[in-house]
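Have a look at the structure below, then the notes.
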Amino acid sequence: MNLPGQPAKQGARSLDPHLRRYAARTAGMTASEIRALFAVASRPEVVSLAGGMPHLAALPLDSLSVEIGDLIAQDGLVALQYGSAHGVPELREQICDVMALEGINGHPDDVVVTVGSQMGLDMVTRIFCDPGDVVLAEGPSYVGALGSFSAYQAQVVHVAMDADGLVPAALQEAVLAVEKAGQRVKFLYTIPNFHNPAGVTLAVRRRAEVLEICRRHGILVVEDNPYGLLGFDGTTYPALRSTDPDNVVYLGSFSKTFAAGLRVGWVLAPHAVREKLVLAAESATLCPPTLNQLIVSRYLSTHDWKGQIKTYREAYRERRDAAISALEQHMPVGSTWNKPNGGFYVWLTVPEGVDTKAMLPRAITQRVAYASGTGFYADGLGSRQLRISYCYPTPERIREGVRRLANVIKDEMEL
Ligand code: PMP
């Protein structure tokens, strides 16, 4: 770690005249590989399997524009005004109805509206983590969460997953190892449904076990669940929060079920934690955007939002099928992948000897982009893995992208 006044380790920053001024915590702030890629990957000739952008073309834009116009005409003086850091009350009630689909019995007072669930991750880390505290997270894990943990100088210890999600025995082992080293685990960060990036779902029979281990060791659970309603067969799994409300902080979002650009998410916290979150939100943004919250609220009350989620699910299932059949058709022997039952992502392991980070510039030259595996680990693992996002391109483009990717991997094997 760099102390204030000491030069930072990153080479690129050494040209920065403000170097000596930055707080020590900025040493952990590095650009994610995915963001660095964004500009090249969005060129039209490149099939981008890199970013997790939702398929917004499925939205009813005409009726939405009428609703948004009406909202400003009828309630503009409220919609364009400051609000409370806690969030718009009617939206917090509607959020409780959404969470009820996963068995959660939440009270609107315990919901704090956030600027996307990314802000929830930042706030939760801010209120719980001191520098050096340990956060347990699946390996691999969501890159934006790893960014928040490192910005607050928390240390991430990864816990293994298999096809049924987080492995309880591995969790138990990790907790004991951290305790033995005299360190403090602040929370377990987990994405139980349709994991980003691994695509797997925590088996229902494992859920109670994970909660029990965390309870026994006094570890809070942070459940991040933006994809939970996007199961391709329509199954919704019981949220961890539904069975252990006092020990689970739940993060939700409208980014994948409605519109990511509105940046409306939420945290459902145990009652005692709620107040700290509101204070953290206040100091970060004063309040989440009132207009966007009212747009979501109006959408939930005037549109068939469950029907829209079904439409999204069908679109994503078709894209998943395109990705899987193209993988089966083109990938060289020695590659393995999972078939996700929901969400946006396939996690691919390439044949031995291929390094997905080193391969990326060559893949972009061959007009396909992906997210290399190392970005999803805090400890440098993942060089034989990569994430394919099938959410955004059309099925035809996905098939072409996977075909190009397979050719790049085959060329790499011959190097
Ligand atoms: N958590 C996970 C697991 C995600 O995949 C994402 C978005 N990719 C987020 C949180 C953040 O979502 P948002 O801020 O748009 O709600």
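In the structure tokens, chains take the letters A, B, ... in the order shown, each chain's residues start at 1, and ligands count up from 1 in the order shown.
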
Item to complete: Give me the residues within 9 Å of range 187-198 of chain A as a ChimeraX atom specification, counting only C-alpha atoms and dropping any in the same chain fewer than 2 places off.
Response: /A:128-129,134-143,145,161,165-166,185,200-203,207,214,218-231,236-237,239-240,338,340-348,373,376,386-389

For the residues selected in the previous step, produce a file with C-alpha atoms as a PDB file, in the first residue's frame.
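Output contents, as saved in again-v7.pdb:
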```pdb
ATOM      1  CA  PHE A 128     -18.554  -1.671   7.190  1.00  0.00           C
ATOM      2  CA  CYS A 129     -14.944  -1.853   6.005  1.00  0.00           C
ATOM      3  CA  VAL A 134     -11.438  -9.070   4.953  1.00  0.00           C
ATOM      4  CA  VAL A 135     -14.375  -9.471   2.575  1.00  0.00           C
ATOM      5  CA  LEU A 136     -15.169 -12.977   1.395  1.00  0.00           C
ATOM      6  CA  ALA A 137     -16.373 -13.190  -2.199  1.00  0.00           C
ATOM      7  CA  GLU A 138     -16.893 -15.955  -4.711  1.00  0.00           C
ATOM      8  CA  GLY A 139     -13.958 -16.484  -7.044  1.00  0.00           C
ATOM      9  CA  PRO A 140     -14.499 -15.148  -9.667  1.00  0.00           C
ATOM     10  CA  SER A 141     -16.648 -12.191  -8.602  1.00  0.00           C
ATOM     11  CA  TYR A 142     -18.331  -9.086  -9.994  1.00  0.00           C
ATOM     12  CA  VAL A 143     -15.701  -6.614 -11.131  1.00  0.00           C
ATOM     13  CA  ALA A 145     -17.805  -5.043  -6.355  1.00  0.00           C
ATOM     14  CA  MET A 161     -17.714 -22.172  -6.578  1.00  0.00           C
ATOM     15  CA  GLY A 165     -22.548 -22.019  -6.769  1.00  0.00           C
ATOM     16  CA  LEU A 166     -20.578 -21.177  -3.644  1.00  0.00           C
ATOM     17  CA  VAL A 185     -14.114 -10.966   8.143  1.00  0.00           C
ATOM     18  CA  VAL A 200     -24.042 -20.410 -11.951  1.00  0.00           C
ATOM     19  CA  THR A 201     -26.804 -20.373  -9.290  1.00  0.00           C
ATOM     20  CA  LEU A 202     -26.481 -21.297  -5.634  1.00  0.00           C
ATOM     21  CA  ALA A 203     -28.400 -24.563  -5.124  1.00  0.00           C
ATOM     22  CA  ARG A 207     -28.578 -21.626   0.958  1.00  0.00           C
ATOM     23  CA  CYS A 214     -22.058 -16.982   8.424  1.00  0.00           C
ATOM     24  CA  GLY A 218     -20.733 -13.586  13.180  1.00  0.00           C
ATOM     25  CA  ILE A 219     -20.333 -12.698   9.495  1.00  0.00           C
ATOM     26  CA  LEU A 220     -22.828 -10.453   7.740  1.00  0.00           C
ATOM     27  CA  VAL A 221     -24.088 -11.558   4.299  1.00  0.00           C
ATOM     28  CA  VAL A 222     -24.324  -9.064   1.429  1.00  0.00           C
ATOM     29  CA  GLU A 223     -26.616 -10.597  -1.187  1.00  0.00           C
ATOM     30  CA  ASP A 224     -26.325  -8.954  -4.605  1.00  0.00           C
ATOM     31  CA  ASN A 225     -29.220 -10.017  -6.788  1.00  0.00           C
ATOM     32  CA  PRO A 226     -29.702  -8.004  -9.993  1.00  0.00           C
ATOM     33  CA  TYR A 227     -30.477 -11.061 -12.152  1.00  0.00           C
ATOM     34  CA  GLY A 228     -32.775 -13.056  -9.843  1.00  0.00           C
ATOM     35  CA  LEU A 229     -35.935 -12.533 -11.924  1.00  0.00           C
ATOM     36  CA  LEU A 230     -34.217 -13.493 -15.165  1.00  0.00           C
ATOM     37  CA  GLY A 231     -34.354 -17.286 -14.821  1.00  0.00           C
ATOM     38  CA  THR A 236     -37.314 -17.593  -8.942  1.00  0.00           C
ATOM     39  CA  TYR A 237     -35.179 -18.833  -6.082  1.00  0.00           C
ATOM     40  CA  ALA A 239     -33.539 -14.965  -1.586  1.00  0.00           C
ATOM     41  CA  LEU A 240     -31.047 -15.503   1.254  1.00  0.00           C
ATOM     42  CA  ASN A 338     -21.261 -23.802 -18.304  1.00  0.00           C
ATOM     43  CA  PRO A 340     -26.446 -20.722 -17.488  1.00  0.00           C
ATOM     44  CA  ASN A 341     -30.130 -21.031 -16.568  1.00  0.00           C
ATOM     45  CA  GLY A 342     -30.595 -17.273 -16.448  1.00  0.00           C
ATOM     46  CA  GLY A 343     -28.794 -13.941 -16.529  1.00  0.00           C
ATOM     47  CA  PHE A 344     -26.250 -12.672 -19.030  1.00  0.00           C
ATOM     48  CA  TYR A 345     -23.020 -14.670 -18.856  1.00  0.00           C
ATOM     49  CA  VAL A 346     -21.115 -17.795 -19.873  1.00  0.00           C
ATOM     50  CA  TRP A 347     -17.766 -18.487 -18.174  1.00  0.00           C
ATOM     51  CA  LEU A 348     -15.325 -20.163 -20.535  1.00  0.00           C
ATOM     52  CA  GLY A 373     -10.799 -13.724 -16.505  1.00  0.00           C
ATOM     53  CA  PHE A 376     -12.797 -10.960 -11.925  1.00  0.00           C
ATOM     54  CA  LEU A 386     -12.932 -15.438 -19.993  1.00  0.00           C
ATOM     55  CA  ARG A 387     -16.474 -14.139 -19.747  1.00  0.00           C
ATOM     56  CA  ILE A 388     -18.847 -14.129 -22.696  1.00  0.00           C
ATOM     57  CA  SER A 389     -21.790 -11.733 -22.331  1.00  0.00           C
TER      58      SER A 389
END
```

Discussion item. If you run DSSP on the backbone here, which positions in range 332-412 of chain A get strand (DSSP E or B)? Please write them as a VMD selection string.
Written reply: chain A and resid 336 to 337 342 345 to 349 368 to 369 371 to 372 385 to 389

Those residues you just picked out, can you put them in a file as a compact mmCIF listing (two decimals), in the first residue's frame with N, CA and C atoms?
```
# COMPACT_ATOMS: atom_id res chain seq x y z
N THR A 336 -13.86 -25.62 -21.83
CA THR A 336 -15.08 -26.00 -21.10
C THR A 336 -15.87 -24.75 -20.77
N TRP A 337 -17.16 -24.92 -20.62
CA TRP A 337 -18.03 -23.79 -20.27
C TRP A 337 -19.27 -24.32 -19.58
N GLY A 342 -30.03 -18.62 -16.53
CA GLY A 342 -30.59 -17.27 -16.45
C GLY A 342 -29.46 -16.27 -16.52
N TYR A 345 -24.43 -14.32 -18.65
CA TYR A 345 -23.02 -14.67 -18.86
C TYR A 345 -22.71 -16.16 -18.95
N VAL A 346 -21.73 -16.47 -19.83
CA VAL A 346 -21.12 -17.80 -19.87
C VAL A 346 -19.64 -17.62 -19.47
N TRP A 347 -19.16 -18.53 -18.65
CA TRP A 347 -17.77 -18.49 -18.17
C TRP A 347 -17.02 -19.59 -18.90
N LEU A 348 -16.02 -19.21 -19.66
CA LEU A 348 -15.33 -20.16 -20.54
C LEU A 348 -13.90 -20.40 -20.05
N THR A 349 -13.51 -21.67 -19.97
CA THR A 349 -12.11 -22.00 -19.69
C THR A 349 -11.50 -22.48 -20.99
N VAL A 368 -13.53 -9.46 -32.44
CA VAL A 368 -14.37 -9.98 -31.36
C VAL A 368 -13.76 -9.55 -30.02
N ALA A 369 -14.62 -9.14 -29.08
CA ALA A 369 -14.12 -8.72 -27.76
C ALA A 369 -14.80 -9.54 -26.68
N ALA A 371 -14.37 -10.31 -22.04
CA ALA A 371 -13.73 -9.85 -20.81
C ALA A 371 -12.83 -10.96 -20.29
N SER A 372 -11.54 -10.68 -20.17
CA SER A 372 -10.62 -11.74 -19.73
C SER A 372 -10.78 -12.00 -18.23
N GLN A 385 -9.36 -18.16 -18.13
CA GLN A 385 -10.82 -18.00 -18.23
C GLN A 385 -11.19 -16.71 -18.96
N LEU A 386 -12.39 -16.69 -19.47
CA LEU A 386 -12.93 -15.44 -19.99
C LEU A 386 -14.45 -15.47 -19.86
N ARG A 387 -15.01 -14.24 -19.86
CA ARG A 387 -16.47 -14.14 -19.75
C ARG A 387 -17.05 -13.75 -21.10
N ILE A 388 -18.07 -14.49 -21.50
CA ILE A 388 -18.85 -14.13 -22.70
C ILE A 388 -20.18 -13.55 -22.22
N SER A 389 -20.47 -12.32 -22.62
CA SER A 389 -21.79 -11.73 -22.33
C SER A 389 -22.64 -11.89 -23.58
```

Worksheet item: When DSSP works through the backbone of this structure, what residues of range 84-215 of chain A end up as alpha helix (DSSP H), shown as a PyMOL selection string?
Response: chain A and resi 89-100+116-128+143-151+168-180+204-215

Practice prompt. May I ask which of the residues A:Glu400, A:Asp97, A:Asp304, A:Glu412 is the closest one to Pro60 in chain A, counting only C-alpha atoms?
Written response: A:Asp304

Discussion item. Please report the interatomic distance between CA of Leu146 in chain A and CA of Ala378 in chain A in Å with one decimal.
Written reply: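 Interatomic distance here is 6.9 Å.
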
Fill in: Shell of 10 Å around Val350 in chain A, only C-alpha atoms, local chain residues under 6 positions omitted, as a list in words
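Neighbouring residues, sequence-local ones excluded: Met331, Pro332, Val333, Gly334, Ser335, Thr336, Trp337, Thr356, Ser383, Arg384, Gln385, Leu386, Ala406, Ile409, Lys410 and Met413 of chain A.
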
Fill in: Point-to-point distance in Å for CA of Gln118 in chain A and CA of Val46 in chain A
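So the answer is 27.4 Å.
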
Practice prompt. Find the residue from A:Gly234, A:Pro131, A:Gly52, A:Gly147 that sits nearest to Arg317 in chain A; use only C-alpha atoms when measuring.
Written response: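 Of A:Gly234, A:Pro131, A:Gly52, A:Gly147, the one nearest Arg317 in chain A, counting only C-alpha atoms, is A:Gly234.
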
Worksheet item: Hey, which of A:Val402, A:Ala160, A:Trp266, A:Leu300 ends up closest to Glu328 in chain A? Count only C-alpha atoms.
Response: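 Closest residue, counting only C-alpha atoms: A:Val402.
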
Discussion item. Excluding Glu67 in chain A and its own-chain neighbours fewer than 4 positions away, which residues fall within 10 Å of it when counting only C-alpha atoms? Please give them as a PyMOL selection string.
Written reply: chain A and resi 61-63+71-73+295+298-299+302-303

Discussion item. Can you measure atom 16 (O, counted along the ligand's line) of ligand 1 to CA of Val115 in chain A for me? One decimal in Å is fine.
Written reply: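 Going from atom 16 (O, counted along the ligand's line) of ligand 1 over to CA of Val115 in chain A covers 7.4 Å.
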
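Each of A:Arg21, A:Arg397, A:Lys339, A:Arg403 was compared to Ala163 in chain A using only C-alpha atoms, and A:Lys339 turns out to be the nearest.
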